[in-house]
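The structure file entry-v7.csv is reproduced below (CSV, C-alpha atoms and all ligand atoms).
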chain,number,residue,atom,x,y,z
A,1,MET,CA,116.1,110.0,61.6
A,2,LYS,CA,115.6,113.6,60.5
A,3,ILE,CA,115.2,114.0,56.8
A,4,ILE,CA,114.6,116.8,54.3
A,5,LEU,CA,113.2,116.1,50.8
A,6,LEU,CA,114.1,118.7,48.2
A,7,GLY,CA,112.8,118.8,44.6
A,8,ALA,CA,110.7,120.6,42.0
A,9,PRO,CA,106.9,120.7,42.1
A,10,GLY,CA,105.8,117.2,41.1
A,11,SER,CA,109.2,115.7,41.6
A,12,GLY,CA,107.7,113.0,43.9
A,13,LYS,CA,108.5,114.4,47.4
A,14,GLY,CA,105.0,113.7,48.8
A,15,THR,CA,104.9,110.2,47.2
A,16,GLN,CA,108.2,109.1,48.5
A,17,ALA,CA,107.7,110.8,51.9
A,18,LYS,CA,104.6,108.7,52.4
A,19,LEU,CA,106.6,105.5,51.7
A,20,ILE,CA,109.5,106.6,54.0
A,21,SER,CA,107.0,107.5,56.7
A,22,GLU,CA,105.4,104.0,56.6
A,23,ASN,CA,108.7,102.1,56.5
A,24,PHE,CA,110.6,104.2,59.0
A,25,ASN,CA,107.7,105.1,61.3
A,26,ILE,CA,108.4,108.8,61.4
A,27,PRO,CA,105.9,111.5,60.6
A,28,HIS,CA,105.6,113.1,57.1
A,29,ILE,CA,105.4,116.9,57.5
A,30,SER,CA,104.4,118.6,54.3
A,31,THR,CA,104.1,122.4,54.6
A,32,GLY,CA,101.9,122.4,51.4
A,33,ASP,CA,99.5,119.8,53.0
A,34,ILE,CA,99.3,121.7,56.3
A,35,PHE,CA,98.4,124.9,54.4
A,36,ARG,CA,95.8,123.1,52.2
A,37,PHE,CA,94.2,121.6,55.3
A,38,ASN,CA,94.0,125.0,56.9
A,39,ILE,CA,92.5,126.5,53.8
A,40,ILE,CA,89.7,123.9,53.8
A,41,GLN,CA,89.1,124.5,57.5
A,42,LYS,CA,89.1,128.3,56.9
A,43,THR,CA,91.6,129.0,59.8
A,44,THR,CA,93.5,132.2,60.1
A,45,LEU,CA,96.6,130.5,58.8
A,46,GLY,CA,94.6,129.2,55.8
A,47,ILE,CA,93.2,132.6,55.0
A,48,GLN,CA,96.7,134.1,55.2
A,49,ALA,CA,98.3,131.4,53.0
A,50,GLU,CA,95.6,130.9,50.3
A,51,ALA,CA,96.3,133.9,48.0
A,52,PHE,CA,100.0,133.1,47.9
A,53,ILE,CA,99.4,129.4,47.2
A,54,ASN,CA,96.8,130.0,44.5
A,55,LYS,CA,99.3,132.2,42.6
A,56,GLY,CA,102.2,129.7,43.0
A,57,GLU,CA,104.2,132.0,45.3
A,58,LEU,CA,105.8,131.2,48.6
A,59,VAL,CA,103.9,132.0,51.7
A,60,PRO,CA,105.9,134.5,53.8
A,61,ASP,CA,108.7,133.0,55.9
A,62,SER,CA,107.4,134.4,59.2
A,63,ILE,CA,104.1,132.5,58.8
A,64,THR,CA,105.7,129.3,57.5
A,65,VAL,CA,108.5,129.1,60.0
A,66,SER,CA,106.3,129.6,63.0
A,67,MET,CA,103.9,126.9,61.7
A,68,ILE,CA,106.7,124.4,61.2
A,69,LYS,CA,108.2,125.2,64.6
A,70,ASP,CA,104.8,124.4,66.3
A,71,ARG,CA,104.6,121.2,64.3
A,72,MET,CA,108.1,120.0,65.1
A,73,ASN,CA,107.4,120.5,68.8
A,74,GLU,CA,104.6,117.9,68.7
A,75,GLU,CA,105.2,114.6,70.5
A,76,ASP,CA,105.4,112.4,67.3
A,77,CYS,CA,108.5,114.3,66.1
A,78,SER,CA,110.6,113.2,69.0
A,79,ASN,CA,112.1,110.2,67.0
A,80,GLY,CA,112.5,112.1,63.7
A,81,PHE,CA,110.5,113.4,60.8
A,82,ILE,CA,110.4,113.9,57.1
A,83,LEU,CA,110.2,117.5,56.0
A,84,ASP,CA,108.6,117.8,52.5
A,85,GLY,CA,108.5,121.3,51.0
A,86,PHE,CA,110.5,122.9,53.8
A,87,PRO,CA,112.9,124.6,53.8
A,88,ARG,CA,112.3,126.5,50.5
A,89,ASN,CA,115.0,129.1,50.8
A,90,ILE,CA,118.1,129.9,52.8
A,91,SER,CA,116.3,132.0,55.3
A,92,GLN,CA,114.0,129.0,56.1
A,93,ALA,CA,117.0,126.7,56.2
A,94,LYS,CA,118.8,128.9,58.8
A,95,SER,CA,115.6,129.1,60.9
A,96,LEU,CA,115.3,125.4,60.8
A,97,ASN,CA,118.9,125.1,61.9
A,98,ASP,CA,118.2,127.4,64.8
A,99,ILE,CA,115.1,125.4,65.8
A,100,LEU,CA,117.1,122.2,65.8
A,101,GLU,CA,120.1,123.6,67.6
A,102,GLU,CA,118.0,124.7,70.5
A,103,LYS,CA,117.1,121.0,71.0
A,104,GLY,CA,120.7,119.8,70.3
A,105,GLN,CA,119.6,118.2,67.1
A,106,ARG,CA,120.6,118.3,63.5
A,107,ILE,CA,119.4,117.0,60.1
A,108,ASP,CA,120.7,113.6,59.2
A,109,LYS,CA,119.9,113.4,55.4
A,110,VAL,CA,118.8,115.8,52.7
A,111,LEU,CA,117.5,114.0,49.6
A,112,PHE,CA,117.2,116.0,46.4
A,113,PHE,CA,114.9,114.4,43.7
A,114,ASP,CA,116.4,115.1,40.4
A,115,VAL,CA,113.7,115.0,37.7
A,116,PRO,CA,113.9,116.4,34.2
A,117,GLU,CA,111.7,119.5,33.7
A,118,TYR,CA,109.7,118.1,30.8
A,119,ILE,CA,108.4,115.3,33.1
A,120,ILE,CA,107.1,117.7,35.7
A,121,ILE,CA,104.2,119.2,33.8
A,122,GLU,CA,102.7,115.8,32.9
A,123,ARG,CA,103.0,114.7,36.5
A,124,VAL,CA,101.4,117.9,38.0
A,125,VAL,CA,98.6,118.3,35.5
A,126,GLY,CA,97.5,114.7,35.9
A,127,ARG,CA,97.6,114.7,39.7
A,128,LYS,CA,94.4,114.0,41.6
A,129,VAL,CA,94.1,114.4,45.3
A,130,CYS,CA,91.4,113.2,47.7
A,131,LYS,CA,89.2,116.0,49.1
A,132,ASN,CA,88.9,114.1,52.4
A,133,CYS,CA,92.2,112.5,53.3
A,134,GLY,CA,94.6,114.2,50.9
A,135,ALA,CA,95.9,110.9,49.3
A,136,VAL,CA,97.6,111.5,46.0
A,137,PHE,CA,96.9,109.8,42.7
A,138,HIS,CA,97.7,110.4,39.1
A,139,SER,CA,95.3,109.8,36.1
A,140,LYS,CA,98.0,108.0,34.2
A,141,PHE,CA,100.8,107.0,36.5
A,142,LYS,CA,98.9,106.1,39.7
A,143,PRO,CA,95.2,105.8,38.8
A,144,SER,CA,92.6,105.2,41.5
A,145,LYS,CA,90.7,101.9,41.3
A,146,ALA,CA,87.3,103.6,40.9
A,147,TYR,CA,87.1,106.7,38.6
A,148,ASN,CA,87.7,109.9,40.7
A,149,LYS,CA,87.2,108.1,44.0
A,150,CYS,CA,89.9,107.6,46.6
A,151,ASP,CA,91.1,104.1,47.1
A,152,LEU,CA,91.7,104.7,50.8
A,153,CYS,CA,88.5,106.5,52.0
A,154,GLY,CA,86.2,106.7,49.0
A,155,GLY,CA,86.3,110.5,49.0
A,156,ASP,CA,86.1,112.5,45.8
A,157,LEU,CA,89.3,113.1,43.9
A,158,ILE,CA,89.9,116.7,42.8
A,159,GLN,CA,92.6,118.7,41.2
A,160,ARG,CA,94.7,121.1,43.3
A,161,LYS,CA,94.0,124.8,42.4
A,162,ASP,CA,97.7,125.4,41.8
A,163,ASP,CA,98.0,122.4,39.4
A,164,ASN,CA,97.3,124.1,36.1
A,165,GLU,CA,99.8,124.9,33.4
A,166,GLU,CA,99.8,128.7,34.1
A,167,ILE,CA,100.4,128.4,37.9
A,168,ILE,CA,102.9,125.6,37.5
A,169,LYS,CA,105.1,127.9,35.4
A,170,ASN,CA,105.2,130.3,38.2
A,171,ARG,CA,105.9,127.5,40.8
A,172,MET,CA,108.8,126.3,38.6
A,173,GLU,CA,110.2,129.8,38.4
A,174,VAL,CA,110.1,130.2,42.2
A,175,TYR,CA,111.7,126.8,42.5
A,176,ILE,CA,114.4,127.4,40.0
A,177,SER,CA,115.4,130.7,41.7
A,178,SER,CA,115.7,129.1,45.1
A,179,ILE,CA,117.0,125.6,44.7
A,180,GLN,CA,120.7,126.1,44.0
A,181,PRO,CA,121.4,128.0,47.2
A,182,LEU,CA,119.8,125.2,49.2
A,183,LEU,CA,121.8,122.6,47.3
A,184,ASP,CA,125.0,124.6,48.2
A,185,TYR,CA,123.9,125.0,51.8
A,186,TYR,CA,123.3,121.3,52.4
A,187,GLY,CA,126.0,120.0,49.9
A,188,ASN,CA,129.8,120.5,50.2
A,189,GLY,CA,130.4,117.7,52.5
A,190,GLY,CA,127.0,118.2,54.2
A,191,PRO,CA,124.0,115.8,54.4
A,192,LEU,CA,122.9,116.2,50.8
A,193,LEU,CA,122.4,113.2,48.5
A,194,VAL,CA,121.0,113.3,45.0
A,195,VAL,CA,118.4,110.7,44.0
A,196,ASN,CA,117.2,110.1,40.5
A,197,GLY,CA,113.5,111.0,40.7
A,198,TYR,CA,112.6,109.8,37.2
A,199,GLY,CA,111.2,106.2,36.8
A,200,ASP,CA,109.0,103.8,38.6
A,201,ILE,CA,107.8,104.9,42.0
A,202,LYS,CA,109.0,101.7,43.7
A,203,ASP,CA,112.4,101.8,42.0
A,204,ILE,CA,112.9,105.3,43.2
A,205,TYR,CA,111.9,104.3,46.7
A,206,ARG,CA,114.7,101.6,46.5
A,207,SER,CA,117.2,104.3,45.8
A,208,VAL,CA,115.8,106.4,48.6
A,209,GLU,CA,116.3,103.5,51.1
A,210,LYS,CA,119.8,103.0,49.9
A,211,ALA,CA,120.5,106.7,50.4
A,212,LEU,CA,119.0,106.6,53.9
A,213,ILE,CA,120.7,103.4,55.0
A,214,PRO,CA,124.0,103.1,53.3
A,215,ILE,CA,125.5,99.6,53.2
A,301,LIG,P1,103.7,121.9,48.0
A,301,LIG,O1,102.4,121.2,48.3
A,301,LIG,O2,104.9,121.5,48.7
A,301,LIG,O3,104.0,121.7,46.4
A,301,LIG,P2,105.3,121.5,45.6
A,301,LIG,O4,106.6,121.7,46.2
A,301,LIG,O5,105.1,122.3,44.3
A,301,LIG,O6,105.3,120.0,45.3
A,301,LIG,P3,104.1,119.1,44.9
A,301,LIG,O7,103.3,118.7,46.1
A,301,LIG,O8,103.5,119.7,43.7
A,301,LIG,O9,104.9,117.8,44.3
A,301,LIG,P4,105.6,116.6,45.0
A,301,LIG,O10,107.0,116.7,44.8
A,301,LIG,O11,105.0,116.4,46.4
A,301,LIG,O12,105.0,115.4,44.0
A,301,LIG,P5,104.0,114.3,44.3
A,301,LIG,O13,104.6,113.2,45.1
A,301,LIG,O14,102.7,114.8,44.7
A,301,LIG,O15,103.5,123.5,48.1
A,301,LIG,C1,102.4,124.1,47.5
A,301,LIG,C2,102.5,125.6,47.8
A,301,LIG,O16,102.4,125.8,49.2
A,301,LIG,C3,103.7,126.4,47.3
A,301,LIG,O17,103.6,126.7,46.0
A,301,LIG,C4,103.7,127.5,48.3
A,301,LIG,O18,102.8,128.5,47.9
A,301,LIG,C5,103.2,126.9,49.6
A,301,LIG,N1,104.4,126.4,50.4
A,301,LIG,C6,104.6,125.1,50.7
A,301,LIG,N2,105.8,125.0,51.4
A,301,LIG,C7,106.2,126.3,51.6
A,301,LIG,C8,107.3,126.9,52.3
A,301,LIG,N3,108.2,126.1,52.9
A,301,LIG,N4,107.5,128.2,52.3
A,301,LIG,C9,106.6,129.0,51.7
A,301,LIG,N5,105.5,128.5,51.0
A,301,LIG,C10,105.3,127.2,51.0
A,301,LIG,O19,103.9,113.7,42.8
A,301,LIG,C11,103.3,114.5,41.8
A,301,LIG,C12,102.4,113.6,40.9
A,301,LIG,O20,103.2,112.7,40.2
A,301,LIG,C13,101.4,112.8,41.7
A,301,LIG,O21,100.2,112.7,40.9
A,301,LIG,C14,102.1,111.4,41.8
A,301,LIG,O22,101.1,110.3,41.8
A,301,LIG,C15,102.9,111.4,40.5
A,301,LIG,N6,104.2,110.7,40.7
A,301,LIG,C16,105.0,110.7,41.8
A,301,LIG,N7,106.1,110.0,41.5
A,301,LIG,C17,106.0,109.5,40.3
A,301,LIG,C18,106.8,108.7,39.5
A,301,LIG,N8,108.0,108.2,39.9
A,301,LIG,N9,106.4,108.4,38.2
A,301,LIG,C19,105.2,108.9,37.8
A,301,LIG,N10,104.4,109.6,38.5
A,301,LIG,C20,104.8,110.0,39.7
A,302,MG,MG,103.6,117.4,47.6

Transcribe the structure of this file into structure tokens.
Ligand code: AP5
Ligand code: MG
Amino acid sequence: MKIILLGAPGSGKGTQAKLISENFNIPHISTGDIFRFNIIQKTTLGIQAEAFINKGELVPDSITVSMIKDRMNEEDCSNGFILDGFPRNISQAKSLNDILEEKGQRIDKVLFFDVPEYIIIERVVGRKVCKNCGAVFHSKFKPSKAYNKCDLCGGDLIQRKDDNEEIIKNRMEVYISSIQPLLDYYGNGGPLLVVNGYGDIKDIYRSVEKALIPI
């Protein structure tokens, strides 16, 4: 199954993608995670992307699209994938369509996580991520067992550089200015489904499963 997850910063795309990936056995492809990994490794891609990410702006489409094209050509994507954070605008959506058309493929489902804006700040500001493995926690909603240590690998938990109130405002502005055209692009009889993204993580996942496998 080929799935796109859409939603605001902090709407739970990464959290739900991880659960879908485990249960459907398809890879979770997060453009944000790939950029952050490259920033840590100090690769050319990381150096190109870092300034944009730290300001809460989009990395230019040319860089992002070629990165996602390479990733989608990897062997593990042959049975499907979950795209988290891509596409972010119509130009990226059209590029994705071209990439898939070349392979005779298409997107099966697009899930949009609908979360009220006032929830977002609390989720983003309280988020902690593992420096080693990238696992995501939250100081209040998903605390790690040991303070600031990752449950999975024991690595240190840190705050993302773009997870502060000033940058999140910019990320929200970028999101608000680009989401409606994407909803129009995938809606209107297309593969778009709206999922309530506010509530317990497990309850939301139940709605996700229902959306992916309709009875
Ligand atoms: P990216 O990493 O994609 O960030 P984002 O879209 O802003 O989304 P987040 O990762 O902040 O949130 P999420 O929806 O994954 O939420 P999560 O599950 O972690 O992108 C970062 C940057 O990279 C961009 O600003 C841009 O610069 C660049 N970039 C990325 N893609 C790009 C592209 N296509 N083109 C150009 N540039 C691009 O949850 C958030 C927190 O809430 C966590 O702590 C979690 O534990 C908690 N939580 C989750 N669900 C719940 C729940 N139901 N209840 C309570 N807490 C919850
Ligand atoms: Mg994420």

Once you count all atoms listed in the file, what closest atom pair and distance in Å to one decimal does each residue of chain A within 7 Å of ligand LIG 301 (chain A) have, with rows by chain and rising residue number, as a Markdown table?
| residue | atom | partner | partner_atom | distance |
| --- | --- | --- | --- | --- |
| A:Gly7 | CA | A:LIG301 | O10 | 6.2 |
| A:Ala8 | CA | A:LIG301 | O4 | 6.0 |
| A:Pro9 | CA | A:LIG301 | O5 | 3.3 |
| A:Gly10 | CA | A:LIG301 | O9 | 3.4 |
| A:Ser11 | CA | A:LIG301 | O10 | 4.0 |
| A:Gly12 | CA | A:LIG301 | O13 | 3.3 |
| A:Lys13 | CA | A:LIG301 | O10 | 3.8 |
| A:Gly14 | CA | A:LIG301 | O11 | 3.6 |
| A:Thr15 | CA | A:LIG301 | O13 | 3.7 |
| A:Gln16 | CA | A:LIG301 | O13 | 6.4 |
| A:Ser30 | CA | A:LIG301 | O2 | 6.3 |
| A:Thr31 | CA | A:LIG301 | N2 | 4.5 |
| A:Gly32 | CA | A:LIG301 | O1 | 3.4 |
| A:Asp33 | CA | A:LIG301 | O1 | 5.7 |
| A:Phe35 | CA | A:LIG301 | O16 | 6.6 |
| A:Phe52 | CA | A:LIG301 | O18 | 5.4 |
| A:Ile53 | CA | A:LIG301 | O18 | 3.6 |
| A:Gly56 | CA | A:LIG301 | O17 | 4.5 |
| A:Glu57 | CA | A:LIG301 | O18 | 4.6 |
| A:Leu58 | CA | A:LIG301 | N5 | 3.6 |
| A:Val59 | CA | A:LIG301 | N5 | 3.9 |
| A:Pro60 | CA | A:LIG301 | C9 | 5.9 |
| A:Asp61 | CA | A:LIG301 | N4 | 6.1 |
| A:Thr64 | CA | A:LIG301 | N4 | 5.6 |
| A:Asp84 | CA | A:LIG301 | O2 | 6.5 |
| A:Gly85 | CA | A:LIG301 | O2 | 4.3 |
| A:Phe86 | CA | A:LIG301 | N3 | 4.0 |
| A:Pro87 | CA | A:LIG301 | N3 | 5.0 |
| A:Arg88 | CA | A:LIG301 | N3 | 4.8 |
| A:Arg123 | CA | A:LIG301 | O20 | 4.2 |
| A:Val124 | CA | A:LIG301 | C12 | 5.3 |
| A:Gly126 | CA | A:LIG301 | O21 | 6.0 |
| A:Arg127 | CA | A:LIG301 | O21 | 3.5 |
| A:Lys128 | CA | A:LIG301 | O21 | 6.0 |
| A:Val136 | CA | A:LIG301 | O22 | 5.6 |
| A:Phe137 | CA | A:LIG301 | O22 | 4.3 |
| A:His138 | CA | A:LIG301 | O21 | 3.8 |
| A:Phe141 | CA | A:LIG301 | N10 | 4.9 |
| A:Lys142 | CA | A:LIG301 | O22 | 5.2 |
| A:Arg171 | CA | A:LIG301 | O17 | 5.7 |
| A:Gly197 | CA | A:LIG301 | N8 | 6.2 |
| A:Tyr198 | CA | A:LIG301 | N8 | 5.6 |
| A:Gly199 | CA | A:LIG301 | N8 | 4.9 |
| A:Asp200 | CA | A:LIG301 | N8 | 4.7 |
| A:Ile201 | CA | A:LIG301 | N8 | 3.9 |
| A:Ile204 | CA | A:LIG301 | N8 | 6.6 |

Q) In Å, with one decimal, what is the gap from atom CA of A:Gly187 to atom CA of A:Ile90? A)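 Result for atom CA of A:Gly187 versus atom CA of A:Ile90: 13.0 Å, one decimal.
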
Q) Quick one: distance from atom CA of A:Val115 to atom CA of A:Lys145 in Å, one decimal? A) 26.7 Å

(Q) List as a ChimeraX atom specification the protein and nucleic acid residues near A:Ile29, meaning an atom at most 12 Å away when only C-alpha atoms are counted, but skip any in the same chain fewer than 2 places from it. (A) /A:2-5,13-14,17-18,20-21,26-27,31-35,67-72,74,76-77,80-87

**Q.** Using all atoms listed in the file: which of A:Asn73, A:Val129, A:Pro214, A:Ile107 has the shortest distance to ligand MG 302 (chain A)
**A.** A:Val129

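Those residues positioned at most 10 Å from (94.1, 110.7, 52.8) are Val129, Cys130, Lys131, Asn132, Cys133, Gly134, Ala135, Val136, Cys150, Asp151, Leu152, Cys153, Gly154 and Gly155 of chain A, judged using only C-alpha atoms.
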
Q | Pairwise distance for atom CA of A:Lys161 and atom CA of A:Ala93, rounded to one decimal in Å | A | 26.9 Å

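Minimum atom-to-atom distances from A:Leu100, A:Ile213, A:Val208, A:Val174 to A:Ser78 were compared using all atoms listed in the file, and the lowest value belongs to A:Leu100.
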
Q. Quick one: of A:Met172, A:Thr43, A:Ser139, A:Asp98, who's nearest to A:Tyr118, counting only C-alpha atoms?
A.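 Checking each of A:Met172, A:Thr43, A:Ser139, A:Asp98 against A:Tyr118, counting only C-alpha atoms, the winner is A:Met172.
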